[in-house]
Structure formats: structure tokens, C-alpha cells
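Trainee: Input file: entry_22.txt. Contents: compact mmCIF, C-alpha atoms.
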# COMPACT_ATOMS: atom_id res chain seq x y z
CA MET A 11 -30.33 -0.88 -2.84
CA LYS A 12 -28.91 0.06 0.56
CA ASP A 13 -26.37 2.87 0.88
CA PRO A 14 -25.89 3.63 -2.84
CA VAL A 15 -23.19 6.19 -2.06
CA VAL A 16 -21.14 3.64 -0.12
CA HIS A 17 -21.59 1.07 -2.89
CA LEU A 18 -20.49 3.61 -5.48
CA ALA A 19 -17.44 4.57 -3.43
CA LEU A 20 -16.48 0.91 -3.02
CA PHE A 21 -16.93 0.35 -6.74
CA VAL A 22 -14.66 3.30 -7.55
CA ALA A 23 -12.05 2.08 -5.06
CA ILE A 24 -11.86 -1.46 -6.40
CA THR A 25 -12.02 -0.25 -10.01
CA ALA A 26 -9.07 2.09 -9.40
CA ALA A 27 -7.00 -0.76 -7.98
CA ILE A 28 -7.91 -3.16 -10.80
CA VAL A 29 -7.30 -0.62 -13.57
CA VAL A 30 -3.99 0.68 -12.20
CA LEU A 31 -2.51 -2.72 -11.36
CA SER A 32 -3.56 -4.31 -14.64
CA GLY A 33 -2.05 -1.27 -16.36
CA ILE A 34 1.20 -1.81 -14.47
CA TYR A 35 1.29 -5.35 -15.80
CA SER A 36 0.63 -4.46 -19.41
CA GLU A 37 2.54 -1.17 -19.79
CA GLN A 38 6.19 -0.76 -18.82
CA ASP A 39 6.46 2.95 -19.51
CA ASP A 40 5.16 5.01 -16.57
CA SER A 41 4.22 8.10 -18.57
CA ALA A 42 2.38 6.03 -21.19
CA LEU A 43 0.55 4.26 -18.38
CA ALA A 44 -0.47 7.58 -16.82
CA ARG A 45 -1.84 8.75 -20.18
CA GLN A 46 -3.80 5.52 -20.67
CA LEU A 47 -5.41 5.41 -17.21
CA PRO A 48 -8.52 7.55 -17.91
CA ARG A 49 -9.33 5.50 -21.02
CA ARG A 50 -8.72 2.24 -19.19
CA PHE A 51 -10.92 3.40 -16.32
CA LEU A 52 -13.76 4.34 -18.69
CA MET A 53 -13.44 1.04 -20.58
CA PHE A 54 -13.64 -0.93 -17.35
CA ALA A 55 -16.56 1.08 -15.98
CA GLY A 56 -18.36 0.84 -19.35
CA GLY A 57 -17.84 -2.92 -19.46
CA VAL A 58 -19.19 -3.32 -15.95
CA ALA A 59 -22.19 -1.12 -16.84
CA LEU A 60 -22.97 -3.28 -19.89
CA LEU A 61 -22.69 -6.43 -17.79
CA THR A 62 -24.99 -4.92 -15.17
CA ILE A 63 -27.58 -4.01 -17.81
CA ALA A 64 -27.41 -7.53 -19.26
CA MET A 65 -27.91 -9.04 -15.80
CA VAL A 66 -30.84 -6.76 -14.97
CA VAL A 67 -32.51 -7.53 -18.32
CA ALA A 68 -31.95 -11.27 -17.83
CA GLU A 69 -33.31 -11.05 -14.31
CA ALA A 70 -36.47 -9.39 -15.59
CA THR A 71 -36.95 -11.73 -18.55
CA LEU A 72 -35.23 -15.09 -19.09
CA ALA A 73 -34.10 -15.62 -15.51
CA SER A 74 -37.21 -14.17 -13.87
CA SER A 75 -38.54 -16.29 -11.05
CA ASN A 76 -41.95 -14.59 -10.95
CA MET B 2 7.14 -16.51 -28.89
CA ALA B 3 9.56 -14.80 -26.53
CA SER B 4 7.07 -12.07 -25.77
CA THR B 5 4.46 -14.69 -24.85
CA LEU B 6 6.81 -16.42 -22.46
CA LEU B 7 7.88 -13.16 -20.91
CA GLY B 8 4.47 -12.06 -19.78
CA GLY B 9 2.92 -10.52 -22.85
CA TYR B 10 5.37 -7.67 -23.41
CA ASN B 11 5.90 -6.54 -26.94
CA ILE B 12 9.65 -6.80 -27.26
CA GLY B 13 9.66 -5.40 -30.77
CA PRO B 14 11.79 -5.95 -33.84
CA THR B 15 14.81 -4.04 -32.52
CA SER B 16 15.30 -6.39 -29.57
CA MET B 17 18.36 -8.59 -29.33
CA PRO B 18 17.72 -12.26 -30.19
CA LEU B 19 17.56 -14.60 -27.20
CA ALA B 20 20.49 -16.97 -26.79
CA GLU B 21 19.98 -20.72 -27.17
CA PRO B 22 18.31 -21.89 -23.92
CA ARG B 23 19.93 -24.48 -21.71
CA ALA B 24 16.84 -26.74 -21.65
CA ASN B 25 13.09 -26.70 -22.16
CA PRO B 26 11.77 -24.14 -19.61
CA ASN B 27 8.23 -25.50 -19.69
CA VAL B 28 9.40 -29.00 -18.79
CA ALA B 29 11.57 -27.65 -15.96
CA THR B 30 8.67 -25.60 -14.61
CA VAL B 31 6.09 -28.40 -14.75
CA LEU B 32 8.49 -30.91 -13.19
CA THR B 33 9.09 -28.51 -10.28
CA TRP B 34 5.35 -28.02 -9.88
CA LEU B 35 4.83 -31.79 -9.67
CA VAL B 36 7.81 -32.56 -7.43
CA PRO B 37 9.78 -29.71 -5.81
CA GLY B 38 13.36 -29.86 -7.07
CA ALA B 39 12.61 -32.21 -9.97
CA GLY B 40 13.04 -29.39 -12.50
CA HIS B 41 16.56 -28.75 -11.25
CA LEU B 42 17.35 -32.45 -11.37
CA TYR B 43 16.30 -32.26 -15.03
CA LEU B 44 18.61 -29.25 -15.44
CA GLY B 45 21.55 -31.16 -13.93
CA GLN B 46 21.60 -29.21 -10.65
CA PRO B 47 21.24 -31.97 -8.02
CA LEU B 48 22.29 -29.78 -5.09
CA VAL B 49 19.64 -27.13 -5.85
CA ALA B 50 17.14 -29.96 -6.38
CA VAL B 51 17.85 -31.54 -2.99
CA VAL B 52 17.86 -28.21 -1.12
CA GLY B 53 14.63 -27.13 -2.85
CA PHE B 54 12.94 -30.45 -2.09
CA VAL B 55 14.00 -30.45 1.56
CA VAL B 56 12.93 -26.84 2.19
CA VAL B 57 9.58 -27.00 0.37
CA MET B 58 8.53 -30.47 1.49
CA GLY B 59 10.02 -29.98 4.95
CA LEU B 60 7.84 -26.92 5.44
CA TYR B 61 4.82 -28.85 4.18
CA ALA B 62 5.57 -31.73 6.56
CA LEU B 63 5.90 -29.27 9.45
CA GLY B 64 2.57 -27.74 8.48
CA LEU B 65 0.92 -31.16 8.39
CA GLN B 66 2.34 -31.96 11.79
CA LEU B 67 1.21 -28.68 13.37
CA SER B 68 -2.28 -28.80 11.83
CA ASP B 69 -2.65 -32.54 12.40
CA GLY B 70 -3.49 -32.79 8.70
CA MET B 71 -6.84 -31.06 9.27
CA LEU B 72 -6.48 -28.28 6.67
CA PHE B 73 -9.06 -29.65 4.24
CA GLU B 74 -11.46 -30.33 7.10
CA LEU B 75 -11.86 -26.55 7.24
CA LEU B 76 -13.79 -26.79 3.97
CA GLN B 77 -17.56 -26.88 4.23
CA VAL B 78 -18.90 -30.36 3.57
CA ASP B 79 -20.72 -29.38 0.37
CA LEU B 80 -17.52 -27.91 -1.11
CA ARG B 81 -15.44 -31.06 -0.63
CA SER B 82 -14.33 -32.95 -3.73
CA PRO B 83 -11.14 -34.63 -4.96
CA LEU B 84 -10.11 -31.42 -6.76
CA ALA B 85 -11.27 -28.90 -4.14
CA GLY B 86 -7.72 -28.36 -2.92
CA LEU B 87 -6.60 -27.05 -6.31
CA LEU B 88 -7.88 -23.57 -5.43
CA ALA B 89 -5.68 -23.39 -2.33
CA PRO B 90 -2.10 -22.04 -2.26
CA GLU B 91 -0.93 -25.58 -1.46
CA ALA B 92 -1.78 -26.52 -5.06
CA ALA B 93 1.49 -24.92 -6.16
CA ASN B 94 3.11 -27.96 -4.56
CA ILE B 95 1.39 -30.93 -6.15
CA LEU B 96 3.40 -33.60 -4.36
CA GLY B 97 2.58 -32.03 -0.99
CA SER B 98 -1.12 -31.67 -1.86
CA VAL B 99 -1.43 -35.26 -3.07
CA TRP B 100 0.43 -36.55 -0.02
CA HIS B 101 -1.87 -34.48 2.19
CA MET B 102 -5.05 -35.74 0.52
CA LYS B 103 -3.85 -39.36 0.57
CA ALA B 104 -2.74 -39.26 4.21
CA HIS B 105 -5.48 -37.13 5.75
CA GLY B 106 -8.07 -36.13 3.13
CA TYR B 107 -11.20 -34.73 4.73
CA GLY B 108 -10.70 -36.67 7.97
CA THR B 109 -12.50 -39.72 9.26
CA GLY B 110 -15.90 -38.08 9.33
CA LEU B 111 -15.94 -38.24 13.12
CA PRO B 112 -15.73 -34.93 14.98
CA ARG B 113 -12.43 -34.14 16.70
CA PRO B 114 -10.96 -30.91 18.08
CA PHE B 115 -8.68 -28.75 15.99
CA PRO B 116 -5.16 -28.53 17.44
CA ASP B 117 -4.01 -25.25 19.04
CA THR B 118 -1.30 -24.98 16.39
CA LEU B 119 -3.74 -25.25 13.48
CA GLN B 120 -3.13 -21.69 12.22
CA ALA B 121 0.65 -22.04 12.26
CA GLY B 122 0.26 -25.35 10.45
CA VAL B 123 -1.93 -24.04 7.63
CA TRP B 124 0.39 -21.04 7.19
CA CYS B 125 3.30 -23.47 6.77
CA THR B 126 1.55 -25.55 4.11
CA ALA B 127 0.41 -22.42 2.24
CA VAL B 128 3.89 -20.85 2.35
CA SER B 129 5.31 -24.17 1.13
CA GLY B 130 3.18 -23.77 -2.01
CA LEU B 131 4.39 -20.22 -2.46
CA LEU B 132 8.04 -21.22 -2.06
CA ASN B 133 7.55 -23.92 -4.67
CA ALA B 134 6.12 -21.28 -7.03
CA CYS B 135 9.35 -19.31 -6.54
CA LEU B 136 11.33 -22.49 -7.20
CA MET B 137 9.32 -22.87 -10.41
CA VAL B 138 10.35 -19.32 -11.42
CA LYS B 139 13.98 -20.23 -10.77
CA ALA B 140 13.73 -23.49 -12.72
CA ASN B 141 12.10 -21.67 -15.65
CA MET B 142 14.78 -18.98 -15.76
CA ASP B 143 17.63 -21.45 -15.21
CA ALA B 144 16.35 -23.46 -18.18
CA ARG B 145 16.16 -20.31 -20.34
CA SER B 146 19.68 -19.23 -19.39
CA PRO B 147 22.17 -19.41 -22.25
CA ALA B 148 23.59 -22.90 -22.78
CA GLN B 149 27.07 -21.43 -22.37
CA GLY B 150 26.78 -18.96 -19.50
CA ALA B 151 25.67 -18.24 -15.96
CA LEU B 152 22.38 -19.51 -14.54
CA LEU B 153 19.96 -16.62 -14.15
CA GLY B 154 17.11 -17.96 -12.05
CA THR B 155 17.96 -16.93 -8.49
CA ARG B 156 17.35 -13.19 -8.74
CA PRO B 157 13.89 -13.32 -10.41
CA ALA B 158 12.76 -15.94 -7.89
CA LEU B 159 13.96 -13.84 -4.94
CA LEU B 160 12.33 -10.72 -6.36
CA VAL B 161 9.02 -12.56 -6.65
CA LEU B 162 9.37 -13.76 -3.07
CA ALA B 163 10.19 -10.21 -1.93
CA GLY B 164 7.16 -8.89 -3.80
CA TRP B 165 4.98 -11.37 -1.99
CA ILE B 166 6.40 -10.62 1.47
CA VAL B 167 5.96 -6.86 0.96
CA PRO B 168 3.85 -5.88 -2.07
CA GLY B 169 5.94 -3.59 -4.24
CA LEU B 170 9.29 -4.66 -2.77
CA GLY B 171 10.15 -6.58 -5.94
CA HIS B 172 9.64 -3.42 -8.01
CA TRP B 173 11.64 -1.39 -5.47
CA LEU B 174 14.60 -3.77 -5.68
CA GLN B 175 14.43 -3.49 -9.47
CA GLY B 176 14.80 0.27 -9.15
CA ARG B 177 11.20 0.95 -10.21
CA ARG B 178 10.42 3.04 -7.15
CA ARG B 179 7.24 4.80 -8.28
CA ARG B 180 5.62 1.52 -9.27
CA ALA B 181 6.78 0.00 -6.00
CA ALA B 182 5.04 2.75 -4.03
CA LEU B 183 1.88 2.43 -6.12
CA VAL B 184 1.73 -1.35 -5.75
CA PHE B 185 2.38 -1.16 -2.01
CA LEU B 186 -0.28 1.50 -1.44
CA LEU B 187 -2.93 -0.21 -3.56
CA ILE B 188 -2.43 -3.77 -2.33
CA THR B 189 -1.91 -2.90 1.34
CA GLY B 190 -4.69 -0.34 1.22
CA MET B 191 -7.11 -2.89 -0.22
CA VAL B 192 -6.24 -5.50 2.40
CA VAL B 193 -6.66 -2.96 5.22
CA LEU B 194 -9.95 -1.72 3.72
CA ALA B 195 -11.11 -5.32 3.31
CA SER B 196 -10.39 -6.09 6.94
CA GLY B 197 -12.22 -2.93 8.01
CA LEU B 198 -15.26 -3.72 5.90
CA ALA B 199 -15.43 -7.34 7.08
CA GLN B 200 -14.50 -6.35 10.66
CA GLY B 201 -11.68 -8.89 10.57
CA ALA B 202 -13.94 -11.80 9.59
CA ASN B 203 -11.99 -12.13 6.34
CA LEU B 204 -8.81 -12.98 8.28
CA ASP B 205 -9.80 -16.51 9.02
CA ARG B 206 -9.13 -19.57 6.93
CA GLU B 207 -11.59 -21.75 8.79
CA ARG B 208 -14.34 -19.22 8.13
CA HIS B 209 -13.61 -18.36 4.50
CA PHE B 210 -11.36 -21.06 3.03
CA TYR B 211 -11.24 -19.84 -0.57
CA TYR B 212 -11.39 -16.08 0.07
CA TRP B 213 -8.48 -16.58 2.46
CA ALA B 214 -6.59 -18.33 -0.34
CA GLY B 215 -6.98 -15.28 -2.58
CA GLN B 216 -6.06 -12.91 0.22
CA PHE B 217 -2.96 -14.97 1.08
CA LEU B 218 -1.50 -13.93 -2.27
CA ALA B 219 -1.37 -10.34 -0.98
CA GLY B 220 1.41 -11.62 1.26
CA GLY B 221 2.79 -9.90 4.32
CA PRO B 222 0.02 -7.34 4.96
CA ALA B 223 -2.66 -10.05 4.98
CA LEU B 224 -0.67 -12.35 7.25
CA VAL B 225 0.32 -9.56 9.65
CA LEU B 226 -3.31 -8.41 9.90
CA GLU B 227 -4.39 -12.00 10.50
CA TRP B 228 -1.78 -12.37 13.22
CA ILE B 229 -2.88 -9.15 14.91
CA HIS B 230 -6.61 -9.15 14.38
CA GLY B 231 -7.63 -12.52 12.92
CA HIS B 232 -9.92 -15.18 14.38
CA ALA B 233 -12.07 -12.64 16.21
CA LEU B 234 -15.50 -13.67 17.39
CA VAL B 235 -18.33 -12.49 15.14
CA ARG B 236 -20.97 -11.06 17.44
CA GLY B 237 -23.50 -9.78 14.95
CA HIS B 238 -24.37 -8.96 11.37
CA ILE B 239 -21.47 -7.43 9.41
CA PRO B 240 -23.08 -5.15 6.77
CA TYR B 241 -20.14 -5.09 4.35
CA ASN B 242 -18.73 -8.55 5.00
CA ASP B 243 -19.14 -9.62 1.35
CA ALA B 244 -17.42 -6.48 0.09
CA GLY B 245 -14.56 -7.06 2.52
CA LEU B 246 -14.09 -10.66 1.34
CA CYS B 247 -14.16 -9.52 -2.28
CA PHE B 248 -11.63 -6.72 -1.69
CA GLY B 249 -9.23 -9.01 0.15
CA ALA B 250 -9.31 -11.73 -2.49
CA VAL B 251 -9.00 -9.21 -5.35
CA ALA B 252 -6.00 -7.60 -3.61
CA GLY B 253 -4.25 -10.96 -3.59
CA LEU B 254 -5.04 -11.66 -7.24
CA LEU B 255 -3.83 -8.19 -8.25
CA ASN B 256 -0.59 -8.81 -6.37
CA VAL B 257 -0.09 -11.81 -8.64
CA LEU B 258 -0.21 -9.41 -11.61
CA ALA B 259 2.40 -7.24 -9.88
CA LEU B 260 4.59 -10.31 -9.27
CA LEU B 261 4.26 -11.35 -12.92
CA ASP B 262 5.35 -7.85 -13.89
CA VAL B 263 8.42 -8.16 -11.66
CA GLN B 264 9.28 -11.59 -13.03
CA GLY B 265 8.68 -10.66 -16.66
CA VAL B 266 10.76 -7.49 -16.57
CA GLU B 267 13.58 -9.17 -14.65
CA SER B 268 13.63 -12.08 -17.10
CA GLU B 269 13.85 -9.73 -20.05
CA ARG B 270 16.62 -7.69 -18.43
CA LEU B 271 18.70 -10.75 -17.59
CA LEU B 272 18.27 -12.34 -20.99
CA GLY B 273 19.14 -9.07 -22.68
CA ALA B 274 15.89 -8.99 -24.60
CA ALA B 275 14.42 -5.80 -23.24
CA PRO B 276 15.51 -2.31 -22.37
CA GLU B 277 15.95 -1.30 -18.77
CA VAL B 278 13.40 1.17 -17.53
CA ASP B 279 14.49 4.02 -15.29
CA ASP B 280 11.79 5.92 -13.44
CA LYS B 281 14.01 8.56 -11.86
CA PRO B 282 12.81 12.10 -12.62
CA LYS B 283 14.16 13.44 -15.91
CA ALA B 284 14.07 16.62 -17.86
CA PRO B 285 10.78 17.26 -19.72
CA GLY B 286 10.70 15.47 -23.04
CA ALA B 287 13.49 13.09 -22.16
CA PRO B 288 12.78 9.45 -23.12
CA THR B 289 11.87 7.06 -20.32
CA ILE B 290 13.67 4.05 -21.78
CA ILE B 291 17.37 4.62 -21.42
CA GLY B 292 19.45 1.62 -22.24
CA GLY B 293 20.05 -1.97 -23.12
CA GLY B 294 19.64 -5.09 -21.03
CA GLN B 295 21.74 -5.87 -18.03
CA ALA B 296 24.69 -8.22 -18.48
CA ALA B 297 23.99 -11.76 -17.40
CA GLY B 298 27.37 -12.44 -15.87
CA GLY B 299 27.80 -12.44 -12.15
CA VAL B 300 24.29 -13.57 -11.43
CA GLN B 301 23.74 -16.84 -9.57
Let me see the file written as C-alpha cells.

Mentor:
Amino acid sequence: MKDPVVHLALFVAITAAIVVLSGIYSEQDDSALARQLPRRFLMFAGGVALLTIAMVVAEATLASSN
Amino acid sequence: MASTLLGGYNIGPTSMPLAEPRANPNVATVLTWLVPGAGHLYLGQPLVAVVGFVVVMGLYALGLQLSDGMLFELLQVDLRSPLAGLLAPEAANILGSVWHMKAHGYGTGLPRPFPDTLQAGVWCTAVSGLLNACLMVKANMDARSPAQGALLGTRPALLVLAGWIVPGLGHWLQGRRRRAALVFLLITGMVVLASGLAQGANLDRERHFYYWAGQFLAGGPALVLEWIHGHALVRGHIPYNDAGLCFGAVAGLLNVLALLDVQGVESERLLGAAPEVDDKPKAPGAPTIIGGGQAAGGVQ
């Protein structure tokens, strides 16, 4: 993968926007939202990590073109 | 049921019961989606219906005129289908979209030059869809207004429009200043970052028809950047073009969440079903939620 640091920074940037704005939609209380953000961020990042693992495994097995 | 209609908020057992609605809000909303103004005709508001129809369809007709009806010819040939237009902002105005497809479709198949006013034209048709979405918000809220009382739809619709023009402005006008600043910074920041990553190649509907549609939902910042920096020549490989397209489209989709938040909270306040939230600084330990819903009178 090219420029892993840049990719990681872009991932963090877009994750922050998605997590904060979806939190704004689902939580009306600002202080409750602030408390929930770390957990929401970890949940999102964990979900993306699981999806990535599933895709890599599929690419190497069922969806392999070799 | 009320919490579902109001955007997923848990109103809770202590909330006031909603008054008997004036009419079926879903019918009013769908009718407006199909024909601008039809929902208000259903609600017995012929003047609003006529004004809504003339403004929304007039803007669409102007857009068709300026673009010579060539909007859908911007789509790559392999993406063209009878339903391809449903992912464009124009799809919020079904009558306009159907008229467009019937009258112009994907062109004659013979090459012809795009008019100089193409960009202005496609902006007009896209904004027509957005205005009809605001009219749908108004029709929905007007239908949910108490049978005996003032109509409540104008303010939520205007707040949604404000939140599209400047991300966060809807929250600001609601008095939710911290959220307004957060929404503005995140949405505008993402659009600016997207344009930097894609070197402005994202700001072009003829180049990226569907990504542009997502980015359009980010409102003013996307359109201003397109006006200033759009349609630039691409002179070489753009390393982060895909990331830029993704960021721009995601910014627009996230602004929709922010607009739904504005509309949901405003609806609850006007119908008296939810507490008003004050985000002014308070003493430590003080509760954030301070009072009951806003009176409905005087609105509209």
C-alpha cells in the first residue's frame, strides 16, 4: 500500500466526521454525546477493521482470482 | 410512533401527547414529492400549492432551458437507464424528473455541443429538487399541525433550507450554537479537504455525475468552491482523486443527517412533544435540558 500514513490520517479524518455527525443526529444532549464519542469511535473503527479482515480473507480464498 | 416520525428520538413516557393532526402527513409528503404543491392542495392550501408549484417547476424549467435539457447526457453511456436519474438531486422533484426524461432523455444519440450555460442550468434543476424537499418538509409539518391551530410547517422548512445553504446555520438559528459550529467545521472542512485531495476534479458534474450529487447535499461550500475552482483542466494523474470524491460525497450525506436533526428537533419543539435544549454554558452539574416545548402559536 502506498503512503500508509496518509491513508491512516485520511481514515481518521473521515471517521471523526462520520462518528461526530451521526452522534449529533442520534443524541440531543451535548454532554452525553461528548461522553459517548470515544466508544462510538472505537465501535466504528472496530467494525471497519472486521470488514477489512473479512474482505482480505475473501480475497485470499473465495474471491481469489489466482 | 411519534418518535419514529420525528427522526428516531426517544421522546419518553413523560412527553406531552401530540394533538390530533390536521391530515395524514405521509400522504401530504408523498403528494408533494410527486407533484410540487399537490400536498398543500390536499391540505386545503391552494395559494401555497400554486406558489410552491410555480417556484419549484419554474426553476426546473429555467434549468432545462439553460442546459438545453442535456443534464442526463452527462452520464456515461454504460450508466444510463430509465431509473438512473433517481440518484440525482432532481429526483426530489418527480414531476420535473419525469418531464425531463420524457422531453429530453439521454439525447438523440448524435453528438452536439453543450451550451455555455450548462452549469447554471444543472444547478437550477438540482436546486429545484432541493426546494421541493423543503416543500415536502413544510407539507409534512402542516399536516401534523393540530387540527384546531396554527400551521407549523414554514419554520422547519426554512431551517432545513438554511442548513443546506450554510451547514450548521439551521442549528445556529435554533439556538444550538455549539452544534452549529461543529457541523459547519466538519462539513465545510470535509468539502475543502475533498477539493484539495482531488485537486478540484470533484467539482464537476460532467466528470463525476453521482459523486457531484452527493457533494451537492453539502450545500453552499460545495457550490461556492465549484464556482471558484470547478471545471479545471486535469493535466495529469491525481494521486488522491478517489479519496477526494469519497470525502466530498460523504460530506454531503452527513449534512443530510444534520438537516434531519434540525428538522426533527424543530418538529418536536413546535408540536410540544420534546424539551427544548439549551447549550449555553451552565454551572457544573446543572441539567442540560431546561424546559418544555415552544408554544405553537404565532408560527406561520

Trainee: Can you work out the spacing between CA of Ala55 in chain A and CA of Ile34 in chain A in Å, to one decimal?

Mentor: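 Answer for the CA of Ala55 in chain A to CA of Ile34 in chain A separation: 18.1 Å.
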
Trainee: Could you list, with a cut-off of 9 Å and counting all atoms listed in the file, the residues of chain A near chain B, each shown with its nearest atom pair and the distance in Å rounded to one decimal, rows sorted by chain and ascending number, as a Markdown table?

Mentor:
| residue | atom | partner | partner_atom | distance |
| --- | --- | --- | --- | --- |
| A:Leu20 | CA | B:Ala244 | CA | 8.1 |
| A:Ala23 | CA | B:Met191 | CA | 8.5 |
| A:Ile24 | CA | B:Phe248 | CA | 7.1 |
| A:Ala26 | CA | B:Leu187 | CA | 8.8 |
| A:Ala27 | CA | B:Leu187 | CA | 6.0 |
| A:Ile28 | CA | B:Leu255 | CA | 7.0 |
| A:Val30 | CA | B:Leu183 | CA | 8.6 |
| A:Leu31 | CA | B:Leu255 | CA | 6.4 |
| A:Ser32 | CA | B:Leu258 | CA | 6.8 |
| A:Ile34 | CA | B:Ala259 | CA | 7.2 |
| A:Tyr35 | CA | B:Asp262 | CA | 5.1 |
| A:Ser36 | CA | B:Tyr10 | CA | 7.0 |
| A:Glu37 | CA | B:Tyr10 | CA | 8.0 |
| A:Gln38 | CA | B:Val278 | CA | 7.6 |
| A:Asp39 | CA | B:Thr289 | CA | 6.8 |
| A:Asp40 | CA | B:Asp280 | CA | 7.4 |
| A:Ser41 | CA | B:Thr289 | CA | 7.9 |

Trainee: Please, what distance in Å, to one decimal, runs between CA of Arg45 in chain A and CA of Ser268 in chain B?

Mentor: 26.1 Å

Trainee: Distance CA of Gly169 in chain B-CA of Phe54 in chain B, one decimal place?

Mentor: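 Atom-to-atom, CA of Gly169 in chain B to CA of Phe54 in chain B, that is 27.8 Å.
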
Trainee: Give me the residues within 9 Å of Val55 in chain B as a ChimeraX atom specification, counting all atoms listed in the file and dropping any in the same chain fewer than 4 places off.

Mentor: /B:37-38,50-51,59-60

Trainee: Counting only C-alpha atoms, give me one row per residue of range 24-87 of chain B with an atom at most 10 Å from an atom of range 127-137 of chain B, showing the shortest contact pair and its distance in Å to one decimal, sorted by chain then residue number, as a tab-separated table.

Mentor:
residue	atom	partner	partner_atom	distance
B:Pro26	CA	B:Met137	CA	9.6
B:Asn27	CA	B:Met137	CA	9.7
B:Ala29	CA	B:Met137	CA	7.7
B:Thr30	CA	B:Met137	CA	5.1
B:Val31	CA	B:Met137	CA	7.7
B:Leu32	CA	B:Met137	CA	8.5
B:Thr33	CA	B:Met137	CA	5.6
B:Trp34	CA	B:Met137	CA	6.5
B:Leu35	CA	B:Asn133	CA	9.7
B:Val36	CA	B:Asn133	CA	9.1
B:Pro37	CA	B:Asn133	CA	6.3
B:Gly38	CA	B:Leu136	CA	7.6
B:Ala39	CA	B:Met137	CA	9.9
B:Gly40	CA	B:Met137	CA	7.8
B:His41	CA	B:Leu136	CA	9.1
B:Val49	CA	B:Leu136	CA	9.6
B:Ala50	CA	B:Leu136	CA	9.5
B:Gly53	CA	B:Leu136	CA	7.2
B:Phe54	CA	B:Asn133	CA	8.9
B:Val56	CA	B:Ser129	CA	8.1
B:Val57	CA	B:Ser129	CA	5.2
B:Met58	CA	B:Ser129	CA	7.1
B:Gly59	CA	B:Ser129	CA	8.4
B:Leu60	CA	B:Ser129	CA	5.7
B:Tyr61	CA	B:Ser129	CA	5.6
B:Ala62	CA	B:Ser129	CA	9.3
B:Leu63	CA	B:Ser129	CA	9.8
B:Gly64	CA	B:Ala127	CA	8.5

Trainee: How about saving the chosen residues, C-alpha atoms kept, as a compact mmCIF listing (two decimals), in the frame of the given file?

Mentor:
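result-v4.txt, freshly written:
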# COMPACT_ATOMS: atom_id res chain seq x y z
CA PRO B 26 11.77 -24.14 -19.61
CA ASN B 27 8.23 -25.50 -19.69
CA ALA B 29 11.57 -27.65 -15.96
CA THR B 30 8.67 -25.60 -14.61
CA VAL B 31 6.09 -28.40 -14.75
CA LEU B 32 8.49 -30.91 -13.19
CA THR B 33 9.09 -28.51 -10.28
CA TRP B 34 5.35 -28.02 -9.88
CA LEU B 35 4.83 -31.79 -9.67
CA VAL B 36 7.81 -32.56 -7.43
CA PRO B 37 9.78 -29.71 -5.81
CA GLY B 38 13.36 -29.86 -7.07
CA ALA B 39 12.61 -32.21 -9.97
CA GLY B 40 13.04 -29.39 -12.50
CA HIS B 41 16.56 -28.75 -11.25
CA VAL B 49 19.64 -27.13 -5.85
CA ALA B 50 17.14 -29.96 -6.38
CA GLY B 53 14.63 -27.13 -2.85
CA PHE B 54 12.94 -30.45 -2.09
CA VAL B 56 12.93 -26.84 2.19
CA VAL B 57 9.58 -27.00 0.37
CA MET B 58 8.53 -30.47 1.49
CA GLY B 59 10.02 -29.98 4.95
CA LEU B 60 7.84 -26.92 5.44
CA TYR B 61 4.82 -28.85 4.18
CA ALA B 62 5.57 -31.73 6.56
CA LEU B 63 5.90 -29.27 9.45
CA GLY B 64 2.57 -27.74 8.48

Trainee: Fewer than 4 positions away in the same chain doesn't count, so skip those; otherwise give me all residues within 9 Å of Phe217 in chain B, counting only C-alpha atoms, as a PyMOL selection string.

Mentor: chain B and resi 90+127+212-213+221+223-224+249-250+253
